[in-house]
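Peer 1: The file below is model.cif, mmCIF, C-alpha atoms:
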```cif
data_model
#
loop_
_atom_site.label_atom_id
_atom_site.label_comp_id
_atom_site.auth_asym_id
_atom_site.auth_seq_id
_atom_site.Cartn_x
_atom_site.Cartn_y
_atom_site.Cartn_z
CA MET A 1 136.58 94.70 123.93
CA ALA A 2 137.21 92.25 121.10
CA GLU A 3 134.02 90.37 121.89
CA ASP A 4 132.01 93.57 121.39
CA ASN A 5 132.99 93.67 117.72
CA ILE A 6 131.45 91.22 115.32
CA SER A 7 132.08 90.70 111.64
CA SER A 8 129.33 91.18 109.10
CA GLU A 9 129.56 87.55 108.06
CA ASN A 10 128.51 86.45 111.54
CA CYS A 11 125.75 89.03 111.86
CA ASN A 12 122.13 87.84 111.83
CA HIS A 13 121.03 91.39 110.87
CA LYS A 14 118.57 91.58 113.77
CA CYS A 15 119.87 94.83 115.22
CA ASP A 16 116.94 95.40 117.57
CA GLY A 17 117.93 92.48 119.78
CA CYS A 18 121.69 92.90 119.46
CA GLY A 19 123.75 94.67 122.11
CA LYS A 20 127.04 94.56 120.23
CA ASP A 21 128.84 97.79 119.49
CA GLY A 22 131.03 98.39 116.48
CA CYS A 23 128.99 96.15 114.23
CA PRO A 24 129.63 97.03 110.55
CA SER A 25 126.01 96.22 109.75
CA ARG A 26 124.80 99.02 112.04
CA SER A 27 124.29 102.50 110.72
CA GLY A 28 123.05 104.94 113.31
CA GLY A 29 121.43 102.03 115.17
CA ALA A 30 119.33 101.05 112.15
CA GLN A 31 119.29 97.65 110.54
CA LYS A 32 121.27 97.43 107.31
CA ASP A 33 119.12 96.97 104.23
CA MET A 34 119.95 93.50 102.91
CA HIS A 35 117.35 93.53 100.13
CA GLU A 36 118.30 92.95 96.51
CA ARG A 37 118.05 95.99 94.25
CA LEU A 38 115.36 96.20 91.62
CA HIS A 39 116.43 96.69 88.03
CA GLU A 40 116.91 100.39 87.30
CA GLY A 41 113.94 100.36 84.94
CA SER A 42 111.57 98.84 87.52
CA ARG A 43 109.23 100.37 90.03
CA VAL A 44 107.33 98.29 92.59
CA LYS A 45 105.50 99.91 95.50
CA LYS A 46 104.30 96.95 97.60
CA VAL A 47 105.22 93.25 97.73
CA ILE A 48 102.78 90.67 99.11
CA GLY A 49 103.77 87.04 99.69
CA ILE A 50 101.19 84.27 99.34
CA VAL A 51 102.45 81.40 101.50
CA SER A 52 101.49 78.16 103.22
CA GLY A 53 103.09 75.55 105.41
CA LYS A 54 102.38 72.75 102.91
CA GLY A 55 101.66 72.18 99.25
CA GLY A 56 98.38 71.54 97.48
CA VAL A 57 96.31 74.14 99.30
CA GLY A 58 95.76 76.48 96.35
CA LYS A 59 98.30 79.29 96.71
CA SER A 60 98.47 79.83 92.95
CA LEU A 61 94.68 80.06 92.71
CA VAL A 62 94.56 82.56 95.56
CA THR A 63 97.44 84.58 94.08
CA SER A 64 95.72 84.73 90.69
CA LEU A 65 92.31 85.64 92.11
CA ILE A 66 93.62 88.46 94.31
CA ALA A 67 95.92 89.88 91.62
CA SER A 68 93.05 89.88 89.11
CA LYS A 69 90.68 91.54 91.58
CA VAL A 70 93.16 94.26 92.59
CA GLN A 71 93.92 94.91 88.90
CA LYS A 72 90.19 95.32 88.20
CA ASP A 73 90.00 97.76 91.12
CA GLY A 74 92.27 100.10 89.20
CA PHE A 75 95.72 99.23 90.56
CA ARG A 76 98.66 97.94 88.52
CA THR A 77 99.48 94.42 89.66
CA ALA A 78 102.15 91.84 88.98
CA ILE A 79 102.83 88.22 89.89
CA LEU A 80 106.29 86.86 90.59
CA ASP A 81 105.88 83.10 90.31
CA ALA A 82 108.46 81.81 92.78
CA ASP A 83 107.35 78.19 92.43
CA ILE A 84 110.22 77.49 90.03
CA THR A 85 109.83 73.72 89.73
CA GLY A 86 106.03 73.63 89.61
CA PRO A 87 104.71 76.87 88.09
CA SER A 88 100.98 77.01 87.40
CA ILE A 89 100.28 80.74 87.19
CA PRO A 90 100.71 80.89 83.36
CA THR A 91 98.05 78.22 82.89
CA ALA A 92 95.50 80.12 84.98
CA PHE A 93 95.97 83.20 82.77
CA GLY A 94 96.03 81.32 79.47
CA LEU A 95 99.71 82.08 78.84
CA GLY A 96 101.01 78.56 78.28
CA GLN A 97 102.53 79.38 74.89
CA GLU A 98 104.07 82.74 75.85
CA ARG A 99 107.80 83.22 76.26
CA ALA A 100 109.62 86.10 77.98
CA GLU A 101 111.59 88.50 75.82
CA ALA A 102 115.02 89.87 76.65
CA GLY A 103 116.14 93.42 75.95
CA THR A 104 118.93 95.91 76.56
CA MET A 105 118.68 99.41 77.98
CA THR A 106 121.14 102.19 78.79
CA THR A 107 121.43 102.84 82.52
CA SER A 108 121.94 106.21 84.21
CA ASP A 109 125.72 105.67 84.24
CA GLY A 110 125.76 105.15 80.48
CA ASN A 111 126.30 101.41 80.55
CA ALA A 112 124.21 98.82 78.72
CA SER A 113 122.04 96.64 80.94
CA GLU A 114 120.23 93.49 79.89
CA PHE A 115 116.74 92.82 81.21
CA ILE A 116 113.77 90.48 80.85
CA LYS A 117 110.28 91.66 80.03
CA PRO A 118 107.42 90.14 82.04
CA VAL A 119 104.50 88.70 80.12
CA CYS A 120 101.24 90.65 80.39
CA SER A 121 97.87 88.93 80.76
CA ALA A 122 94.79 89.99 78.83
CA GLY A 123 93.74 92.07 81.83
CA GLY A 124 97.11 93.76 82.22
CA VAL A 125 98.66 91.73 85.06
CA GLN A 126 102.45 91.56 84.64
CA ILE A 127 103.69 88.00 85.20
CA MET A 128 107.11 86.37 85.40
CA SER A 129 107.30 82.60 85.63
CA MET A 130 109.92 79.96 84.93
CA ASN A 131 107.67 78.54 82.22
CA PHE A 132 108.26 81.68 80.16
CA LEU A 133 111.97 80.84 79.98
CA LEU A 134 111.66 77.18 78.98
CA GLN A 135 111.61 75.95 75.41
CA ASN A 136 108.55 73.87 76.25
CA GLU A 137 106.31 74.45 79.26
CA THR A 138 106.46 70.73 80.11
CA ASP A 139 110.27 70.72 80.38
CA PRO A 140 111.24 69.82 83.97
CA VAL A 141 113.41 72.15 86.05
CA ILE A 142 115.82 69.81 87.82
CA TRP A 143 117.75 72.22 90.02
CA ARG A 144 118.98 72.21 93.59
CA GLY A 145 117.82 74.73 96.15
CA PRO A 146 120.57 77.38 95.80
CA VAL A 147 120.09 77.57 92.02
CA ILE A 148 116.32 77.88 92.43
CA SER A 149 116.81 80.65 95.00
CA GLY A 150 119.12 82.44 92.58
CA ALA A 151 116.48 82.30 89.86
CA VAL A 152 113.90 83.84 92.21
CA ARG A 153 116.27 86.70 93.02
CA GLN A 154 116.81 87.29 89.30
CA PHE A 155 113.05 87.56 88.77
CA TRP A 156 113.31 90.57 91.09
CA THR A 157 116.60 92.09 89.90
CA ASP A 158 116.66 91.33 86.16
CA VAL A 159 113.00 91.76 85.18
CA VAL A 160 111.74 95.22 84.31
CA TRP A 161 108.50 95.64 86.26
CA ASP A 162 106.52 98.56 84.86
CA ASP A 163 105.21 100.86 87.61
CA VAL A 164 103.65 98.13 89.77
CA ASP A 165 101.43 99.06 92.70
CA PHE A 166 101.19 95.53 94.11
CA MET A 167 103.43 92.58 93.34
CA PHE A 168 102.10 89.22 94.52
CA VAL A 169 104.68 86.48 95.07
CA ASP A 170 103.38 82.94 94.65
CA CYS A 171 105.68 81.11 97.07
CA PRO A 172 106.50 77.40 97.02
CA PRO A 173 105.25 75.53 100.11
CA GLY A 174 107.05 75.23 103.39
CA THR A 175 109.72 77.27 105.13
CA GLY A 176 112.79 76.24 103.14
CA ASP A 177 115.31 77.89 100.81
CA VAL A 178 113.01 79.81 98.50
CA PRO A 179 110.64 81.37 101.08
CA LEU A 180 113.68 82.28 103.18
CA THR A 181 115.36 83.86 100.14
CA LEU A 182 112.22 85.83 99.38
CA PHE A 183 111.81 87.14 102.90
CA GLN A 184 115.49 88.14 103.12
CA SER A 185 116.00 89.47 99.58
CA LEU A 186 112.71 91.19 98.73
CA PRO A 187 111.09 94.04 100.70
CA VAL A 188 107.98 92.04 101.56
CA ASP A 189 105.31 94.32 103.03
CA GLY A 190 102.98 91.55 104.20
CA ILE A 191 101.97 87.95 103.68
CA ILE A 192 98.70 86.08 103.33
CA VAL A 193 98.65 82.52 104.64
CA VAL A 194 96.62 79.96 102.68
CA ALA A 195 95.36 76.75 104.27
CA SER A 196 92.77 74.05 103.72
CA PRO A 197 90.36 72.68 106.34
CA GLN A 198 92.08 69.39 107.17
CA GLN A 199 93.06 68.37 110.69
CA LEU A 200 96.65 69.59 110.41
CA VAL A 201 95.60 73.10 109.45
CA ARG A 202 96.72 74.58 112.78
CA VAL A 203 100.25 73.17 112.43
CA ILE A 204 100.42 74.36 108.82
CA VAL A 205 99.25 77.88 109.64
CA GLU A 206 101.42 78.13 112.73
CA LYS A 207 104.60 77.27 110.81
CA ALA A 208 103.94 79.98 108.23
CA VAL A 209 102.92 82.60 110.79
CA ASN A 210 105.89 81.86 113.03
CA MET A 211 108.30 82.17 110.10
CA ALA A 212 106.82 85.53 109.17
CA ASN A 213 107.08 86.71 112.76
CA MET A 214 110.71 85.61 112.98
CA MET A 215 111.46 87.58 109.80
CA GLY A 216 109.57 90.62 111.03
CA ILE A 217 106.98 90.55 108.23
CA PRO A 218 103.33 91.42 108.98
CA VAL A 219 100.67 88.76 108.38
CA LEU A 220 97.67 90.36 106.71
CA GLY A 221 95.36 87.42 107.37
CA LEU A 222 94.35 83.86 106.57
CA ILE A 223 92.53 82.37 103.60
CA GLU A 224 90.87 78.98 103.68
CA ASN A 225 90.68 77.29 100.30
CA MET A 226 88.48 74.27 99.51
CA SER A 227 86.37 75.40 102.44
CA TYR A 228 83.09 73.81 101.32
CA VAL A 229 80.95 72.67 98.39
CA ARG A 230 77.62 74.38 97.84
CA CYS A 231 74.70 72.06 97.03
CA PRO A 232 73.34 73.04 93.58
CA ASP A 233 69.78 72.18 94.64
CA CYS A 234 69.33 73.67 98.12
CA GLY A 235 72.37 75.93 98.42
CA LYS A 236 73.56 74.29 101.64
CA GLU A 237 77.29 74.45 102.36
CA ILE A 238 78.70 70.91 102.58
CA ARG A 239 82.03 70.69 104.40
CA ILE A 240 83.55 67.62 102.80
CA PHE A 241 86.75 67.90 104.86
CA GLY A 242 84.84 68.25 108.12
CA GLU A 243 84.21 71.32 110.23
CA SER A 244 86.89 73.95 109.90
CA ASN A 245 88.63 75.62 112.82
CA ILE A 246 90.08 78.49 110.79
CA GLY A 247 88.07 81.03 112.81
CA GLY A 248 89.46 79.77 116.10
CA ILE A 249 93.00 79.65 114.75
CA ALA A 250 92.70 83.19 113.40
CA GLN A 251 91.43 84.37 116.78
CA ASP A 252 94.32 82.69 118.58
CA PHE A 253 96.82 84.53 116.40
CA GLY A 254 94.86 87.78 116.35
CA LEU A 255 94.44 87.60 112.56
CA PRO A 256 91.43 88.13 110.29
CA VAL A 257 90.00 85.42 108.04
CA LEU A 258 90.15 87.16 104.66
CA ALA A 259 88.33 84.53 102.60
CA ARG A 260 86.71 81.12 102.57
CA ILE A 261 86.90 79.85 99.01
CA PRO A 262 84.66 76.91 98.03
CA ILE A 263 85.31 74.01 95.71
CA GLU A 264 83.40 75.12 92.65
CA GLN A 265 83.22 73.37 89.28
CA ASN A 266 82.83 76.55 87.26
CA MET A 267 85.87 78.11 88.88
CA SER A 268 87.99 75.01 88.29
CA VAL A 269 87.00 74.78 84.63
CA THR A 270 87.56 78.50 84.08
CA VAL A 271 91.05 78.35 85.61
CA ASP A 272 91.96 75.24 83.60
CA ASN A 273 90.86 77.09 80.46
CA GLY A 274 93.17 79.98 81.28
CA GLU A 275 90.34 82.44 81.83
CA ILE A 276 90.68 83.27 85.50
CA GLU A 277 90.34 87.00 84.80
CA SER A 278 86.82 86.42 83.51
CA LEU A 279 85.61 85.07 86.87
CA ASP A 280 83.07 87.26 88.63
CA VAL A 281 83.28 86.04 92.23
CA ASP A 282 83.46 87.93 95.50
CA TYR A 283 85.39 85.37 97.54
CA VAL A 284 88.60 87.42 97.76
CA ASN A 285 87.09 90.90 98.09
CA ASP A 286 88.13 91.25 101.74
CA ALA A 287 91.63 90.04 100.90
CA ALA A 288 91.87 92.59 98.10
CA ASP A 289 90.70 95.33 100.48
CA ALA A 290 93.36 94.35 103.02
CA VAL A 291 96.06 94.56 100.36
CA GLU A 292 94.82 97.81 98.83
CA SER A 293 94.71 99.48 102.25
CA LEU A 294 98.51 99.34 102.32
CA ILE A 295 98.56 102.09 99.70
CA LYS A 296 95.31 103.82 100.61
CA LYS A 297 96.62 104.43 104.13
CA ILE A 298 99.56 106.44 102.83
#
```
Can you give me the file's structure in the form of C-alpha cells?

Peer 2:
Amino acid sequence: MAEDNISSENCNHKCDGCGKDGCPSRSGGAQKDMHERLHEGSRVKKVIGIVSGKGGVGKSLVTSLIASKVQKDGFRTAILDADITGPSIPTAFGLGQERAEAGTMTTSDGNASEFIKPVCSAGGVQIMSMNFLLQNETDPVIWRGPVISGAVRQFWTDVVWDDVDFMFVDCPPGTGDVPLTLFQSLPVDGIIVVASPQQLVRVIVEKAVNMANMMGIPVLGLIENMSYVRCPDCGKEIRIFGESNIGGIAQDFGLPVLARIPIEQNMSVTVDNGEIESLDVDYVNDAADAVESLIKKI
C-alpha cells in the first residue's frame, strides 16, 4: 500500500495519466492548480504565449503587432516581456525612457500590499519589461536562470494589470527555464509559434509544439516571419531564404498558418522609431482573429 501513496514533492502534477491513490495533489480526481496568483488588484482573462524553438525569428515583432491589432479591435491588451536579458518590446512602442512606478494598496484583509504599475503605450497597451526597472535601458542583466524565472513570475504576481482581456507573453527562445516557468506558473490559454523559412524550421517548430503538447497547452497556429521580400517594381514575392515549407509543416501538425510576414523596410523603420502602433498592415489579422475567438466563443 505504501507504494500507492506519493508525496507532493515527487508529483509531476499530471493526474490524468497517474494511477496512484492518496496523492495529496489530487482533489476529487482533478489536477491541483499550480499557477501563481495574480496580484489582488489585477484582472487578466486570457494569456497567450508567443514562442519559438530558436532566437532571432521575430517573436517580439509578432507580439507587438498582434497586441496592437487586438487593442485596435476594441479589446484591452497587455504584454508581459519575459525576455529578461534581451527585452526589445519597449523600443517598438517608443518607451525607451519610461520607468515603472511602484505603489501601495490596501488588500481585502486590511494589509498593505506593494505593487508595480505597468507602462502604457500611446495606444493603451499595458506593458511590463525589465527595461522599465533598470536605471539605464542599456544596463545588462547578468542573472542566472532561476533568478530570471523569479523575475518573470513577479511580473505576473506583483504587477497590477488593469482589466486585461488578452495578455501576450513575449517568451525567450528555446524550451529552457523561462518558458517552462511560464507554462507551469501562468494559466496560458494558448501559444503561437513563430518561425522563419530556413532549412531547420521543422525542427524549430517541432520543439516548440512538442513542449506545448507535453504541458497540455493548445497551439493556436504558426506564424512565419521574414517570409519574403516584395519587389517594389513588379510586386513579385522574392523568397530570399528559399522556398518555405511552413504550409506542409502546419498540415503535418494539424495547425493553421496564421500569418506570413514579409521583410519590409517601412515596417523595420517604423518599429525602430518606436511607432509600431501606427502601422496599418493586415499581416496578423488572422492571428488576431484566432486570439479574439477565445473570448468571443464564451

Peer 1: Would you please work out which residue, of A:Ile66, A:Leu182, A:Met128, A:Ala122, is nearest to His35 (chain A) when using all atoms listed in the file?

Peer 2: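 Among the listed residues, A:Leu182 lies closest to His35 (chain A).
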
Peer 1: Evaluate the PyMOL selection byres ((chain A and resi 212-221) around 7) against this structure - the residues, as a ChimeraX atom specification, please.

Peer 2: /A:183,188-193,208-211,222-223,255-258,290

Peer 1: Residues of the last selection are to be written out with C-alpha atoms, as a short mmCIF file (atom, residue, chain, number, x, y, z; two decimals), keeping the file's coordinate frame.

Peer 2:
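So again.cif came out as:
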```cif
data_model
loop_
_atom_site.label_atom_id
_atom_site.label_comp_id
_atom_site.auth_asym_id
_atom_site.auth_seq_id
_atom_site.Cartn_x
_atom_site.Cartn_y
_atom_site.Cartn_z
CA PHE A 183 111.81 87.14 102.90
CA VAL A 188 107.98 92.04 101.56
CA ASP A 189 105.31 94.32 103.03
CA GLY A 190 102.98 91.55 104.20
CA ILE A 191 101.97 87.95 103.68
CA ILE A 192 98.70 86.08 103.33
CA VAL A 193 98.65 82.52 104.64
CA ALA A 208 103.94 79.98 108.23
CA VAL A 209 102.92 82.60 110.79
CA ASN A 210 105.89 81.86 113.03
CA MET A 211 108.30 82.17 110.10
CA LEU A 222 94.35 83.86 106.57
CA ILE A 223 92.53 82.37 103.60
CA LEU A 255 94.44 87.60 112.56
CA PRO A 256 91.43 88.13 110.29
CA VAL A 257 90.00 85.42 108.04
CA LEU A 258 90.15 87.16 104.66
CA ALA A 290 93.36 94.35 103.02
#
```

Peer 1: Could you state which residues are captured by the PyMOL selection byres ((chain A and resi 158) around 7) in this file, as a PyMOL selection string?

Peer 2: chain A and resi 39+115-116+154-157+159-160

Peer 1: I need the residue nearest Leu95 (chain A) from this list: A:Ser268, A:Asn273, A:Thr107, A:Asn245. Use only C-alpha atoms for the distance.

Peer 2: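 Once distances to Leu95 (chain A) are computed over only C-alpha atoms, the minimum belongs to A:Asn273.
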
Peer 1: Calculated over only C-alpha atoms, which of the candidates A:Tyr283, A:Tyr228, A:Phe166, A:Phe253 has the smallest distance to Gly74 (chain A)?

Peer 2: A:Phe166

Peer 1: Find the residues around Arg202 (chain A) up to 9 Å (only C-alpha atoms counted), leave out those fewer than 5 positions away in its own chain, and share them as a list in words.

Peer 2: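 With the cut-off at 9 Å, the set is Ala195, Lys207, Asn245, Ile246 and Ile249 of chain A.
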